[in-house]
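Working notes, beginning with the structure itself.
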Amino acid sequence: MWESICLTLVATAGNNIGKVLQKKGTVILPPLSFKLKVIRAYASNRDWAVGFLMDIFGALLMLIALSQAPVSVIQPVSGCGLAILSVFSHFYLKEVMNAVDWMGISLAGIGAIGVGAGGEEQVASAISIFHLPWLAFIVAVLFVLLNGWLRIFRRHRREQEMMEYEVVEEIIFGLESGILFGMASVVSKMGFLFMEQGFSKMLVPICIGISISCSGTGFFYQTRGLKHGRAIVVSTCAAVASIVSGVLAGMLALGEKLPSAPAARLSLLLGWLLIIVGVVLLVSSARLVRLLPRRLRQLVPSGVGRNSGLRRSGSVHAKDTTPSAVIHAATLHHLISSPSKEKA
């Protein structure tokens, strides 16, 4: 179990740090195209090339971890990627961290330890190939409900002549992207379980292909939310929805169960909770610091260099299709905002 958790931490670190390095490299690169000159420019850019290799390596490690451990363990631990990214940005990119950031990192780390201590090896329960269409049907129903709520709210907004984005829209797009990220991990795990049960080995690449599609569609919805909404709300909802949907789908569709021992069960549940709280603190640290009393605020570094643009972040145009965990677009945007301003 600990081996799978360590693989997950390395994988999510590779995914998140890799994307930061790719973004950092594209600041001085032309838009990506299939022209030989452009491809050579990307390949010769050290930051982009290293980030790309780290991202691919992380995705492969995530698949290995999913083949060895339950989704209900792997998916929450993958939420620690933002904590690892924050530490990387502090020491490598010299970004300012405040007390809330460090608290979030600590909680996420303790949560990962709790998940590892409480998680236990499980005998793969028999699952039917019909679980895949049933899972797709449930996700489709959720999206119909969420989009129906969105259409009703937009109609109300037009009637009230409201022009600004509202929190309901930010929440919906965050939830939709997070659900898809969670389903990406579940479908990948399904492929490995089908192979263990003697189904055709072709189901593994099919499930991985579906997982990649889920991740890509999740990035599309996340980008729609980030285009006009607040990165704090969209990223938080996406992160929490990814963890919750992955855990629930793992238990309902894959037959994963909570540990039988009360102490192990409590450790696992507390680990899930601490990881979610840690991710929420990391995403919303700048706003939380502003809510502190003035005397306390003066004692806490504000972290303006990393969080100054949380109110309105731009769109993330690069569409990644690796079956990895949530990509924290807010963090990616702010980590590259300073170099782009210097260039301008």
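Chains: A, B, ... in order of the structure tokens. Residues: from 1 per chain. Ligands: from 1, in order shown.
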
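For stretch 47-58 of chain A, the residues within 8 Å (counting only C-alpha atoms, excluding itself and residues fewer than 5 positions away along the chain) are Val10, Ala11, Thr12, Ala13, Gly14, Asn15, Asn16, Ile17, Gly18, Lys19, Val20, Leu21, Gln22, Lys23, Lys24, Gly25, Thr26, Tyr42, Thr322 and Ser324 of chain A.
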
Limited to N, CA and C atoms, could you put the picked residues into a file as a PDB file, in the first residue's frame?
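To be explicit, this is the file written out as part39.pdb:
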```pdb
ATOM      1  N   VAL A  10       4.743  10.742  -6.199  1.00  0.00           N
ATOM      2  CA  VAL A  10       5.730  11.072  -7.244  1.00  0.00           C
ATOM      3  C   VAL A  10       5.015  11.403  -8.551  1.00  0.00           C
ATOM      4  N   ALA A  11       3.948  10.647  -8.861  1.00  0.00           N
ATOM      5  CA  ALA A  11       3.218  10.860 -10.112  1.00  0.00           C
ATOM      6  C   ALA A  11       2.548  12.223 -10.130  1.00  0.00           C
ATOM      7  N   THR A  12       1.846  12.563  -9.041  1.00  0.00           N
ATOM      8  CA  THR A  12       1.143  13.850  -9.022  1.00  0.00           C
ATOM      9  C   THR A  12       2.121  15.010  -8.960  1.00  0.00           C
ATOM     10  N   ALA A  13       3.301  14.785  -8.329  1.00  0.00           N
ATOM     11  CA  ALA A  13       4.340  15.821  -8.353  1.00  0.00           C
ATOM     12  C   ALA A  13       4.840  16.030  -9.783  1.00  0.00           C
ATOM     13  N   GLY A  14       5.055  14.929 -10.505  1.00  0.00           N
ATOM     14  CA  GLY A  14       5.490  15.050 -11.893  1.00  0.00           C
ATOM     15  C   GLY A  14       4.463  15.742 -12.767  1.00  0.00           C
ATOM     16  N   ASN A  15       3.179  15.406 -12.576  1.00  0.00           N
ATOM     17  CA  ASN A  15       2.122  16.043 -13.363  1.00  0.00           C
ATOM     18  C   ASN A  15       2.067  17.543 -13.126  1.00  0.00           C
ATOM     19  N   ASN A  16       2.019  17.938 -11.861  1.00  0.00           N
ATOM     20  CA  ASN A  16       1.845  19.354 -11.538  1.00  0.00           C
ATOM     21  C   ASN A  16       3.088  20.187 -11.841  1.00  0.00           C
ATOM     22  N   ILE A  17       4.257  19.713 -11.387  1.00  0.00           N
ATOM     23  CA  ILE A  17       5.487  20.456 -11.644  1.00  0.00           C
ATOM     24  C   ILE A  17       5.793  20.467 -13.139  1.00  0.00           C
ATOM     25  N   GLY A  18       5.519  19.349 -13.809  1.00  0.00           N
ATOM     26  CA  GLY A  18       5.750  19.296 -15.253  1.00  0.00           C
ATOM     27  C   GLY A  18       4.947  20.331 -16.006  1.00  0.00           C
ATOM     28  N   LYS A  19       3.692  20.505 -15.615  1.00  0.00           N
ATOM     29  CA  LYS A  19       2.859  21.493 -16.304  1.00  0.00           C
ATOM     30  C   LYS A  19       3.314  22.913 -16.023  1.00  0.00           C
ATOM     31  N   VAL A  20       3.820  23.161 -14.811  1.00  0.00           N
ATOM     32  CA  VAL A  20       4.360  24.487 -14.507  1.00  0.00           C
ATOM     33  C   VAL A  20       5.564  24.779 -15.389  1.00  0.00           C
ATOM     34  N   LEU A  21       6.457  23.799 -15.519  1.00  0.00           N
ATOM     35  CA  LEU A  21       7.641  24.007 -16.355  1.00  0.00           C
ATOM     36  C   LEU A  21       7.259  24.174 -17.824  1.00  0.00           C
ATOM     37  N   GLN A  22       6.251  23.426 -18.290  1.00  0.00           N
ATOM     38  CA  GLN A  22       5.795  23.605 -19.674  1.00  0.00           C
ATOM     39  C   GLN A  22       5.243  25.008 -19.884  1.00  0.00           C
ATOM     40  N   LYS A  23       4.437  25.464 -18.934  1.00  0.00           N
ATOM     41  CA  LYS A  23       3.882  26.813 -19.034  1.00  0.00           C
ATOM     42  C   LYS A  23       4.986  27.860 -19.000  1.00  0.00           C
ATOM     43  N   LYS A  24       5.962  27.652 -18.112  1.00  0.00           N
ATOM     44  CA  LYS A  24       7.079  28.593 -18.010  1.00  0.00           C
ATOM     45  C   LYS A  24       7.852  28.656 -19.325  1.00  0.00           C
ATOM     46  N   GLY A  25       8.019  27.491 -19.970  1.00  0.00           N
ATOM     47  CA  GLY A  25       8.755  27.463 -21.228  1.00  0.00           C
ATOM     48  C   GLY A  25       8.016  28.110 -22.376  1.00  0.00           C
ATOM     49  N   THR A  26       6.678  28.002 -22.390  1.00  0.00           N
ATOM     50  CA  THR A  26       5.904  28.548 -23.513  1.00  0.00           C
ATOM     51  C   THR A  26       5.829  30.064 -23.507  1.00  0.00           C
ATOM     52  N   TYR A  42      10.116  23.997 -29.510  1.00  0.00           N
ATOM     53  CA  TYR A  42       9.621  23.420 -28.256  1.00  0.00           C
ATOM     54  C   TYR A  42      10.589  22.374 -27.717  1.00  0.00           C
ATOM     55  N   THR A 322      -3.628  13.747 -20.352  1.00  0.00           N
ATOM     56  CA  THR A 322      -3.137  12.633 -19.566  1.00  0.00           C
ATOM     57  C   THR A 322      -4.137  12.296 -18.484  1.00  0.00           C
ATOM     58  N   SER A 324      -4.528  12.069 -15.416  1.00  0.00           N
ATOM     59  CA  SER A 324      -3.953  12.378 -14.122  1.00  0.00           C
ATOM     60  C   SER A 324      -4.968  13.067 -13.235  1.00  0.00           C
TER      61      SER A 324
END
```

Surrounding residues of stretch 274-286 of chain A excluding itself and chain neighbours under 2 positions, 6 Å, only C-alpha atoms, as a PyMOL selection string: chain A and resi 100-101+104+107-108+111+232+236+271-272+288-289

Export, as a short mmCIF file (atom, residue, chain, number, x, y, z; two decimals), in the first residue's frame, the selected residues with all heavy atoms.
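Wrote out_13.cif, looks like this:
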```
data_model
loop_
_atom_site.label_atom_id
_atom_site.label_comp_id
_atom_site.auth_asym_id
_atom_site.auth_seq_id
_atom_site.Cartn_x
_atom_site.Cartn_y
_atom_site.Cartn_z
N VAL A 100 -1.11 30.27 5.96
CA VAL A 100 -2.22 29.40 5.55
C VAL A 100 -1.74 28.37 4.53
O VAL A 100 -2.17 27.21 4.55
CB VAL A 100 -3.37 30.25 4.98
CG1 VAL A 100 -4.52 29.36 4.52
CG2 VAL A 100 -3.88 31.25 6.01
N ASP A 101 -0.84 28.78 3.63
CA ASP A 101 -0.26 27.84 2.66
C ASP A 101 0.44 26.69 3.38
O ASP A 101 0.24 25.52 3.06
CB ASP A 101 0.74 28.55 1.75
CG ASP A 101 0.07 29.50 0.79
OD1 ASP A 101 -0.99 29.15 0.27
OD2 ASP A 101 0.61 30.59 0.55
N GLY A 104 -2.00 24.36 4.98
CA GLY A 104 -2.60 23.47 3.99
C GLY A 104 -1.66 22.36 3.57
O GLY A 104 -2.07 21.19 3.43
N LEU A 107 -1.48 19.82 6.45
CA LEU A 107 -2.69 18.99 6.56
C LEU A 107 -2.75 17.96 5.44
O LEU A 107 -3.12 16.80 5.68
CB LEU A 107 -3.93 19.88 6.54
CG LEU A 107 -4.17 20.75 7.78
CD1 LEU A 107 -5.41 21.63 7.58
CD2 LEU A 107 -4.33 19.89 9.02
N ALA A 108 -2.39 18.38 4.22
CA ALA A 108 -2.40 17.44 3.10
C ALA A 108 -1.39 16.31 3.33
O ALA A 108 -1.67 15.13 3.04
CB ALA A 108 -2.12 18.17 1.79
N GLY A 111 -2.71 14.05 5.99
CA GLY A 111 -3.81 13.28 5.41
C GLY A 111 -3.30 12.12 4.57
O GLY A 111 -3.86 11.00 4.62
N ILE A 232 -10.34 30.65 -7.54
CA ILE A 232 -10.49 30.08 -6.19
C ILE A 232 -11.66 29.11 -6.16
O ILE A 232 -11.54 27.97 -5.72
CB ILE A 232 -10.72 31.20 -5.15
CG1 ILE A 232 -9.45 32.01 -4.97
CG2 ILE A 232 -11.16 30.62 -3.82
CD1 ILE A 232 -9.61 33.18 -4.03
N THR A 236 -11.23 24.96 -6.32
CA THR A 236 -11.62 24.27 -5.09
C THR A 236 -12.70 23.24 -5.36
O THR A 236 -12.61 22.09 -4.91
CB THR A 236 -12.11 25.28 -4.04
OG1 THR A 236 -11.08 26.23 -3.78
CG2 THR A 236 -12.48 24.58 -2.75
N GLY A 271 -7.86 10.92 7.03
CA GLY A 271 -6.92 11.26 5.96
C GLY A 271 -7.62 11.92 4.79
O GLY A 271 -7.14 12.94 4.26
N TRP A 272 -8.76 11.37 4.36
CA TRP A 272 -9.54 12.00 3.29
C TRP A 272 -9.90 13.44 3.65
O TRP A 272 -9.75 14.36 2.85
CB TRP A 272 -10.83 11.21 3.04
CG TRP A 272 -10.65 9.88 2.40
CD1 TRP A 272 -9.52 9.41 1.79
CD2 TRP A 272 -11.60 8.82 2.32
NE1 TRP A 272 -9.71 8.14 1.34
CE2 TRP A 272 -10.99 7.74 1.63
CE3 TRP A 272 -12.92 8.68 2.73
CZ2 TRP A 272 -11.65 6.55 1.37
CZ3 TRP A 272 -13.58 7.49 2.47
CH2 TRP A 272 -12.95 6.44 1.80
N LEU A 288 -8.24 34.01 2.52
CA LEU A 288 -8.32 33.79 3.96
C LEU A 288 -7.43 34.75 4.72
O LEU A 288 -7.80 35.24 5.79
CB LEU A 288 -7.94 32.34 4.29
CG LEU A 288 -8.92 31.26 3.82
CD1 LEU A 288 -8.35 29.88 4.10
CD2 LEU A 288 -10.27 31.43 4.50
N VAL A 289 -6.24 35.04 4.17
CA VAL A 289 -5.34 35.99 4.83
C VAL A 289 -5.97 37.39 4.87
O VAL A 289 -5.87 38.10 5.87
CB VAL A 289 -3.98 36.03 4.10
CG1 VAL A 289 -3.14 37.21 4.57
CG2 VAL A 289 -3.23 34.73 4.32
#
```

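Considering only C-alpha atoms, the residue among A:Met97, A:Val115, A:Val144, A:Leu254 positioned nearest to A:Phe130 is A:Leu254.
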
So which residues touch stretch 137-143 of chain A within 9 Å, counting only C-alpha atoms, skipping near sequence neighbours fewer than 6 positions away, as a ChimeraX atom specification? /A:176,179-180,183

Take the selection from the previous step and output its residues with N, CA and C atoms, as a short mmCIF file (atom, residue, chain, number, x, y, z; two decimals), in the first residue's frame.
```cif
data_model
loop_
_atom_site.label_atom_id
_atom_site.label_comp_id
_atom_site.auth_asym_id
_atom_site.auth_seq_id
_atom_site.Cartn_x
_atom_site.Cartn_y
_atom_site.Cartn_z
N GLU A 176 -18.31 19.94 -12.48
CA GLU A 176 -18.30 19.12 -13.70
C GLU A 176 -16.89 18.66 -14.05
N ILE A 179 -15.71 16.00 -11.41
CA ILE A 179 -16.34 14.69 -11.61
C ILE A 179 -15.64 13.94 -12.73
N LEU A 180 -15.33 14.63 -13.81
CA LEU A 180 -14.66 13.97 -14.94
C LEU A 180 -13.25 13.54 -14.57
N MET A 183 -13.66 10.40 -12.54
CA MET A 183 -14.06 9.26 -13.38
C MET A 183 -12.88 8.75 -14.21
#
```

Please identify which residues in stretch 176-308 of chain A DSSP calls helix (DSSP H, G or I) from the backbone, and express them as a PyMOL selection string. chain A and resi 176-196+203-228+231-253+262-283+285-291+294-299+304-307

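A straight line drawn from atom CA of A:Leu266 to atom CA of A:Leu193 is 26.9 Å long.
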